[in-house]
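> As input, take my_file_1.txt (compact mmCIF, C-alpha atoms):
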```txt
# COMPACT_ATOMS: atom_id res chain seq x y z
CA ALA A 1 92.10 142.76 45.85
CA VAL A 2 92.58 141.32 42.35
CA ALA A 3 90.64 138.16 43.21
CA PHE A 4 87.82 140.18 44.77
CA ALA A 5 87.64 142.52 41.76
CA LYS A 6 87.07 139.49 39.54
CA GLN A 7 84.02 138.76 41.71
CA GLY A 8 82.74 142.33 41.51
CA ILE A 9 83.83 143.21 45.05
CA ALA A 10 85.60 146.52 45.54
CA THR A 11 88.44 146.86 48.03
CA MET A 12 89.93 149.83 49.80
CA ARG A 13 93.21 150.04 51.70
CA VAL A 14 93.29 152.75 54.33
CA GLY A 15 96.48 154.54 55.39
CA TYR A 16 96.21 155.91 58.91
CA ARG A 17 96.92 159.60 59.57
CA LYS A 18 98.60 158.73 62.85
CA PRO A 19 99.44 155.01 63.11
CA GLY A 20 99.19 153.68 66.63
CA ASP A 21 96.52 156.16 67.73
CA ILE A 22 93.55 153.83 68.15
CA GLU A 23 90.90 156.55 68.24
CA ARG A 24 92.15 158.41 65.16
CA CYS A 25 92.74 155.19 63.21
CA THR A 26 89.21 154.05 64.01
CA LEU A 27 87.93 157.36 62.67
CA ASP A 28 90.07 157.02 59.53
CA VAL A 29 88.56 153.64 58.64
CA SER A 30 85.07 154.81 59.59
CA ALA A 31 85.52 157.78 57.25
CA ALA A 32 86.61 155.40 54.48
CA ALA A 33 83.44 153.36 55.06
CA ASP A 34 81.38 156.56 54.88
CA LEU A 35 83.07 157.50 51.59
CA ALA A 36 82.34 154.04 50.18
CA TRP A 37 78.74 154.27 51.40
CA ARG A 38 78.30 157.63 49.66
CA SER A 39 79.65 155.97 46.50
CA GLY A 40 77.05 153.19 46.61
CA ALA A 41 78.54 150.39 48.73
CA ARG A 42 76.06 148.95 51.21
CA ARG A 43 77.91 146.14 53.00
CA PHE A 44 81.50 145.89 54.15
CA VAL A 45 84.00 143.47 55.59
CA THR A 46 86.69 145.11 57.70
CA MET A 47 90.07 143.45 57.78
CA GLY A 48 93.23 144.29 59.67
CA HIS A 49 96.65 142.95 60.62
CA SER A 50 98.10 143.28 64.15
CA PHE A 51 97.09 146.77 65.39
CA GLY A 52 94.76 146.93 62.37
CA GLY A 53 92.82 143.93 63.68
CA ALA A 54 91.67 146.02 66.63
CA ILE A 55 90.68 148.81 64.26
CA ALA A 56 88.69 146.35 62.11
CA VAL A 57 86.79 145.14 65.18
CA ARG A 58 86.14 148.65 66.53
CA VAL A 59 84.84 149.92 63.19
CA ALA A 60 82.59 146.88 62.79
CA VAL A 61 81.04 147.53 66.19
CA SER A 62 80.31 151.17 65.33
CA VAL A 63 79.31 150.89 61.63
CA PRO A 64 76.13 148.83 61.11
CA ALA A 65 76.91 148.20 57.42
CA VAL A 66 79.90 146.05 58.38
CA ALA A 67 78.80 142.50 57.66
CA GLY A 68 81.91 140.72 58.96
CA VAL A 69 85.44 141.08 60.31
CA VAL A 70 88.76 139.43 59.48
CA THR A 71 91.76 139.79 61.77
CA LEU A 72 95.30 138.71 61.00
CA ALA A 73 97.56 138.22 64.05
CA THR A 74 95.48 140.78 65.92
CA GLN A 75 96.36 142.50 69.12
CA SER A 76 93.76 142.44 71.90
CA ALA A 77 94.12 146.07 73.02
CA GLY A 78 91.19 147.85 71.44
CA CYS A 79 89.20 144.64 70.95
CA GLU A 80 87.48 144.92 74.34
CA VAL A 81 84.38 145.98 72.38
CA ALA A 82 84.24 142.73 70.32
CA GLY A 83 81.09 141.60 72.12
CA GLY A 84 79.36 144.40 70.20
CA LEU A 85 79.74 142.42 66.97
CA GLU A 86 76.56 140.67 68.11
CA GLY A 87 77.10 137.49 66.14
CA ARG A 88 78.34 139.05 62.90
CA PRO A 89 80.91 136.74 61.30
CA LEU A 90 84.40 137.03 62.74
CA LEU A 91 87.33 135.19 61.20
CA LEU A 92 90.64 135.35 63.05
CA PHE A 93 93.93 134.06 61.63
CA HIS A 94 96.96 133.64 63.87
CA GLY A 95 100.29 131.90 63.42
CA ASP A 96 101.52 129.51 66.09
CA ARG A 97 105.04 130.95 65.66
CA ASP A 98 104.05 134.60 65.97
CA GLU A 99 107.09 136.29 67.48
CA LEU A 100 105.19 139.44 68.57
CA LEU A 101 101.70 138.39 69.63
CA PRO A 102 101.00 134.88 70.91
CA LEU A 103 98.08 132.83 69.59
CA GLY A 104 96.34 133.35 72.92
CA VAL A 105 95.68 136.97 71.96
CA SER A 106 93.32 135.93 69.17
CA GLU A 107 91.79 133.33 71.51
CA THR A 108 91.00 136.16 73.93
CA VAL A 109 89.39 138.28 71.21
CA LEU A 110 87.30 135.31 70.13
CA ALA A 111 86.15 134.77 73.73
CA ILE A 112 85.20 138.46 74.06
CA ALA A 113 83.25 138.32 70.78
CA GLY A 114 81.39 135.20 71.90
CA SER A 115 81.41 133.68 68.41
CA GLY A 116 83.59 133.38 65.35
CA GLU A 117 86.29 131.14 63.96
CA LEU A 118 89.96 131.12 64.85
CA VAL A 119 92.27 129.60 62.25
CA GLU A 120 95.63 128.57 63.69
CA LEU A 121 98.34 128.69 61.06
CA PRO A 122 101.10 126.18 61.84
CA GLY A 123 104.66 127.39 61.37
CA THR A 124 103.51 130.94 60.68
CA GLY A 125 105.03 134.10 62.14
CA HIS A 126 103.59 137.55 62.70
CA LEU A 127 103.84 138.71 59.09
CA MET A 128 101.99 135.57 57.95
CA LEU A 129 104.12 135.23 54.82
CA GLU A 130 104.23 131.45 55.25
CA ALA A 131 100.44 131.26 54.97
CA ALA A 132 99.82 133.64 52.06
CA ASP A 133 98.27 130.98 49.81
CA GLU A 134 95.99 129.66 52.56
CA LEU A 135 94.88 133.17 53.48
CA ARG A 136 94.03 134.01 49.87
CA SER A 137 92.18 130.73 49.42
CA ARG A 138 90.08 131.16 52.56
CA LEU A 139 89.34 134.83 52.07
CA VAL A 140 88.33 134.57 48.41
CA GLU A 141 85.49 132.29 49.57
CA TRP A 142 84.69 133.76 53.00
CA VAL A 143 84.35 137.44 52.07
CA PRO A 144 81.86 136.94 49.20
CA ALA A 145 79.83 134.53 51.35
CA VAL A 146 79.60 137.12 54.13
CA LEU A 147 78.69 139.86 51.70
CA GLY A 148 76.06 137.68 50.06
CA ALA A 149 78.01 137.80 46.76
CA HIS A 150 77.30 141.52 46.41
CA GLY A 151 78.51 144.62 48.18
CA SER A 152 81.92 146.03 48.93
CA ALA A 153 84.80 144.74 50.97
CA ARG A 154 87.49 146.79 52.52
```
The structure given in the file should be rewritten as structure tokens.

Amino acid sequence: AVAFAKQGIATMRVGYRKPGDIERCTLDVSAAADLAWRSGARRFVTMGHSFGGAIAVRVAVSVPAVAGVVTLATQSAGCEVAGGLEGRPLLLFHGDRDELLPLGVSETVLAIAGSGELVELPGTGHLMLEAADELRSRLVEWVPAVLGAHGSAR
């Protein structure tokens, strides 16, 4: 968030009312996007880790202002709608040592979406702590490019 703020990109972290409830969590993030829209934001990037990856995909499919999606060690449950991204940029990160969700999960989401980029992170587990620097480096370039150097990221 600090790096994005330096580029004039706002960020928002959403706490779910009922974690694990895919429908309610999707509504929570959609409501956050609506709040940002009412405050002047016009383009968004949704981003989520594990369960949150599915929420990021689902919100992107239902909110036209979402310009791109980033998933971090995403689950596939809830991502069945990824084909609805219709070519919007999708960047998936997944560790090859993920102890909860195998790399193949992100490969499946990528196949459903039909386009995007999957970044395999060698030696990285589910929390992705081992790849923090690489994630920051990639995202500080990718997000502004997707937003066209203006807009808001979440």
> Would you list the contacts of A:Leu100 as an mmCIF file with C-alpha atoms, in the frame of the given file, taking every protein, DNA or RNA residue within 7 Å and counting all atoms listed in the file, but skipping same-chain residues closer than 2 positions in sequence?

```
data_model
loop_
_atom_site.group_PDB
_atom_site.id
_atom_site.type_symbol
_atom_site.label_atom_id
_atom_site.label_comp_id
_atom_site.auth_asym_id
_atom_site.auth_seq_id
_atom_site.Cartn_x
_atom_site.Cartn_y
_atom_site.Cartn_z
ATOM 1 C CA ASP A 98 104.050 134.600 65.970
ATOM 2 C CA PRO A 102 101.000 134.880 70.910
ATOM 3 C CA HIS A 126 103.590 137.550 62.700
#
```
> I'd like the neighbourhood of stretch 134-151 of chain A as a PyMOL selection string, where a residue qualifies if any of its atoms comes within 6 Å (using all atoms listed in the file), though same-chain residues fewer than 2 positions away should be ignored.
chain A and resi 41-43+131-132
> Please provide the set of residues having any atom within 9 Å of A:Ala82, restricted to only C-alpha atoms, with same-chain residues fewer than 2 positions apart removed, written as a ChimeraX atom specification.
/A:54,57-58,60-61,78-80,84-86,109-114
> Report the distance between atom CA of A:Thr124 and atom CA of A:Phe51 in Å, rounded to one decimal place.
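Between these atoms lies a distance of 17.7 Å.
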> Would you mind reading off the distance between atom CA of A:Asp34 and atom CA of A:Arg13, one decimal, in Å?
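Taking atom CA of A:Asp34 and atom CA of A:Arg13, their separation equals 13.9 Å.
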> Measuring atom to atom with only C-alpha atoms, identify which of A:Ala10, A:Leu92, A:Leu121, A:Ala65 is nearest to A:Glu107.
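Of A:Ala10, A:Leu92, A:Leu121, A:Ala65, the one nearest A:Glu107, counting only C-alpha atoms, is A:Leu92.
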> Is it possible to get the axis-aligned box enclosing stretch 75-88 of chain A (all listed atoms, 8 Å extra per side) as JSON, with centre and edge lengths in Å rounded to one decimal?

```
{"center_x": 86.5, "center_y": 142.7, "center_z": 68.6, "size_x": 35.8, "size_y": 26.4, "size_z": 27.4}
```
> Given only C-alpha atoms as the basis, pick out the residue of A:Val45, A:Ala67, A:Leu103, A:Ala31 nearest to A:Arg88.
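Using only C-alpha atoms, A:Arg88 sits closest to A:Ala67.
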> By how many Å are atom CA of A:Glu120 and atom CA of A:Ser106 apart?
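Distance between the two atoms: 9.5 Å.
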> Fewer than 5 positions away in the same chain doesn't count, so skip those; otherwise give me all residues within 7 Å of A:Pro89, counting all atoms listed in the file, as a PyMOL selection string.
chain A and resi 68-69+116
> Between A:Ser76, A:Thr71, A:Thr11, A:Ser50, which has the minimum distance to A:Glu117 (counting all atoms listed in the file)?
A:Thr71
> With distances taken over all atoms listed in the file, which residue among A:Gln75, A:Leu129, A:Ile55, A:Pro64 lies nearest A:Pro19?
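Closest candidate: A:Ile55.
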> Check the smallest atom-to-atom distance from each of A:Val70, A:Ala5, A:His49, A:Ser115 to A:Gly87 using all atoms listed in the file, then report the winner.
A:Ser115
> Measuring between all atoms listed in the file, which one of A:Val119, A:Val81, A:Leu127, A:Val29 shows the shortest distance to A:Leu101?
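Ranked by minimum distance to A:Leu101, first place goes to A:Leu127.
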> All heavy atoms for stretch 34-45 of chain A, written as a PDB file, keeping the file's coordinate frame, could you do that?

```
ATOM      1  N   ASP A  34      82.365 155.532  55.234  1.00  0.00           N
ATOM      2  CA  ASP A  34      81.380 156.560  54.880  1.00  0.00           C
ATOM      3  C   ASP A  34      81.548 156.978  53.413  1.00  0.00           C
ATOM      4  O   ASP A  34      80.566 157.111  52.684  1.00  0.00           O
ATOM      5  CB  ASP A  34      81.520 157.762  55.804  1.00  0.00           C
ATOM      6  CG  ASP A  34      80.494 158.829  55.494  1.00  0.00           C
ATOM      7  OD1 ASP A  34      79.281 158.537  55.591  1.00  0.00           O
ATOM      8  OD2 ASP A  34      80.897 159.953  55.127  1.00  0.00           O
ATOM      9  N   LEU A  35      82.797 157.149  52.990  1.00  0.00           N
ATOM     10  CA  LEU A  35      83.070 157.500  51.590  1.00  0.00           C
ATOM     11  C   LEU A  35      82.559 156.405  50.654  1.00  0.00           C
ATOM     12  O   LEU A  35      81.910 156.685  49.635  1.00  0.00           O
ATOM     13  CB  LEU A  35      84.566 157.715  51.390  1.00  0.00           C
ATOM     14  CG  LEU A  35      85.020 157.986  49.955  1.00  0.00           C
ATOM     15  CD1 LEU A  35      84.456 159.303  49.442  1.00  0.00           C
ATOM     16  CD2 LEU A  35      86.545 157.998  49.887  1.00  0.00           C
ATOM     17  N   ALA A  36      82.827 155.154  51.003  1.00  0.00           N
ATOM     18  CA  ALA A  36      82.340 154.040  50.180  1.00  0.00           C
ATOM     19  C   ALA A  36      80.814 153.998  50.161  1.00  0.00           C
ATOM     20  O   ALA A  36      80.208 153.755  49.114  1.00  0.00           O
ATOM     21  CB  ALA A  36      82.914 152.718  50.704  1.00  0.00           C
ATOM     22  N   TRP A  37      80.208 154.240  51.306  1.00  0.00           N
ATOM     23  CA  TRP A  37      78.740 154.270  51.400  1.00  0.00           C
ATOM     24  C   TRP A  37      78.173 155.337  50.470  1.00  0.00           C
ATOM     25  O   TRP A  37      77.236 155.087  49.715  1.00  0.00           O
ATOM     26  CB  TRP A  37      78.313 154.514  52.847  1.00  0.00           C
ATOM     27  CG  TRP A  37      76.838 154.571  53.033  1.00  0.00           C
ATOM     28  CD1 TRP A  37      76.031 155.661  52.935  1.00  0.00           C
ATOM     29  CD2 TRP A  37      75.969 153.466  53.317  1.00  0.00           C
ATOM     30  NE1 TRP A  37      74.721 155.308  53.160  1.00  0.00           N
ATOM     31  CE2 TRP A  37      74.658 153.976  53.400  1.00  0.00           C
ATOM     32  CE3 TRP A  37      76.185 152.112  53.526  1.00  0.00           C
ATOM     33  CZ2 TRP A  37      73.571 153.167  53.678  1.00  0.00           C
ATOM     34  CZ3 TRP A  37      75.088 151.312  53.807  1.00  0.00           C
ATOM     35  CH2 TRP A  37      73.798 151.834  53.873  1.00  0.00           C
ATOM     36  N   ARG A  38      78.770 156.516  50.505  1.00  0.00           N
ATOM     37  CA  ARG A  38      78.300 157.630  49.660  1.00  0.00           C
ATOM     38  C   ARG A  38      78.499 157.324  48.173  1.00  0.00           C
ATOM     39  O   ARG A  38      77.835 157.907  47.326  1.00  0.00           O
ATOM     40  CB  ARG A  38      79.015 158.913  50.034  1.00  0.00           C
ATOM     41  CG  ARG A  38      78.626 159.439  51.393  1.00  0.00           C
ATOM     42  CD  ARG A  38      79.538 160.598  51.803  1.00  0.00           C
ATOM     43  NE  ARG A  38      79.329 160.972  53.173  1.00  0.00           N
ATOM     44  CZ  ARG A  38      78.620 162.034  53.560  1.00  0.00           C
ATOM     45  NH1 ARG A  38      78.063 162.810  52.670  1.00  0.00           N
ATOM     46  NH2 ARG A  38      78.495 162.299  54.834  1.00  0.00           N
ATOM     47  N   SER A  39      79.392 156.374  47.886  1.00  0.00           N
ATOM     48  CA  SER A  39      79.650 155.970  46.500  1.00  0.00           C
ATOM     49  C   SER A  39      78.838 154.752  46.087  1.00  0.00           C
ATOM     50  O   SER A  39      79.016 154.229  44.992  1.00  0.00           O
ATOM     51  CB  SER A  39      81.144 155.672  46.325  1.00  0.00           C
ATOM     52  OG  SER A  39      81.898 156.837  46.578  1.00  0.00           O
ATOM     53  N   GLY A  40      77.967 154.272  46.975  1.00  0.00           N
ATOM     54  CA  GLY A  40      77.050 153.190  46.610  1.00  0.00           C
ATOM     55  C   GLY A  40      77.250 151.857  47.298  1.00  0.00           C
ATOM     56  O   GLY A  40      76.424 150.960  47.148  1.00  0.00           O
ATOM     57  N   ALA A  41      78.335 151.667  48.021  1.00  0.00           N
ATOM     58  CA  ALA A  41      78.540 150.390  48.730  1.00  0.00           C
ATOM     59  C   ALA A  41      77.539 150.303  49.887  1.00  0.00           C
ATOM     60  O   ALA A  41      77.216 151.309  50.514  1.00  0.00           O
ATOM     61  CB  ALA A  41      79.968 150.316  49.269  1.00  0.00           C
ATOM     62  N   ARG A  42      77.051 149.111  50.153  1.00  0.00           N
ATOM     63  CA  ARG A  42      76.060 148.950  51.210  1.00  0.00           C
ATOM     64  C   ARG A  42      76.459 147.951  52.291  1.00  0.00           C
ATOM     65  O   ARG A  42      75.872 147.942  53.362  1.00  0.00           O
ATOM     66  CB  ARG A  42      74.702 148.558  50.609  1.00  0.00           C
ATOM     67  CG  ARG A  42      74.076 149.676  49.810  1.00  0.00           C
ATOM     68  CD  ARG A  42      73.794 150.881  50.708  1.00  0.00           C
ATOM     69  NE  ARG A  42      73.319 152.045  50.003  1.00  0.00           N
ATOM     70  CZ  ARG A  42      74.034 153.145  49.791  1.00  0.00           C
ATOM     71  NH1 ARG A  42      75.275 153.227  50.200  1.00  0.00           N
ATOM     72  NH2 ARG A  42      73.522 154.167  49.162  1.00  0.00           N
ATOM     73  N   ARG A  43      77.428 147.109  52.008  1.00  0.00           N
ATOM     74  CA  ARG A  43      77.910 146.140  53.000  1.00  0.00           C
ATOM     75  C   ARG A  43      79.429 146.073  52.917  1.00  0.00           C
ATOM     76  O   ARG A  43      79.993 146.184  51.846  1.00  0.00           O
ATOM     77  CB  ARG A  43      77.307 144.753  52.745  1.00  0.00           C
ATOM     78  CG  ARG A  43      75.785 144.725  52.953  1.00  0.00           C
ATOM     79  CD  ARG A  43      75.141 143.425  52.524  1.00  0.00           C
ATOM     80  NE  ARG A  43      75.706 142.231  53.139  1.00  0.00           N
ATOM     81  CZ  ARG A  43      75.386 141.760  54.348  1.00  0.00           C
ATOM     82  NH1 ARG A  43      74.533 142.398  55.094  1.00  0.00           N
ATOM     83  NH2 ARG A  43      75.913 140.643  54.783  1.00  0.00           N
ATOM     84  N   PHE A  44      80.040 145.878  54.075  1.00  0.00           N
ATOM     85  CA  PHE A  44      81.500 145.890  54.150  1.00  0.00           C
ATOM     86  C   PHE A  44      82.003 144.720  54.974  1.00  0.00           C
ATOM     87  O   PHE A  44      81.308 144.224  55.853  1.00  0.00           O
ATOM     88  CB  PHE A  44      82.000 147.163  54.848  1.00  0.00           C
ATOM     89  CG  PHE A  44      81.477 148.431  54.255  1.00  0.00           C
ATOM     90  CD1 PHE A  44      80.341 149.034  54.774  1.00  0.00           C
ATOM     91  CD2 PHE A  44      82.100 149.028  53.182  1.00  0.00           C
ATOM     92  CE1 PHE A  44      79.851 150.210  54.247  1.00  0.00           C
ATOM     93  CE2 PHE A  44      81.620 150.202  52.637  1.00  0.00           C
ATOM     94  CZ  PHE A  44      80.489 150.794  53.170  1.00  0.00           C
ATOM     95  N   VAL A  45      83.237 144.342  54.709  1.00  0.00           N
ATOM     96  CA  VAL A  45      84.000 143.470  55.590  1.00  0.00           C
ATOM     97  C   VAL A  45      85.228 144.282  55.971  1.00  0.00           C
ATOM     98  O   VAL A  45      85.937 144.790  55.098  1.00  0.00           O
ATOM     99  CB  VAL A  45      84.428 142.161  54.897  1.00  0.00           C
ATOM    100  CG1 VAL A  45      85.442 141.399  55.742  1.00  0.00           C
ATOM    101  CG2 VAL A  45      83.208 141.288  54.625  1.00  0.00           C
TER     102      VAL A  45
END
```
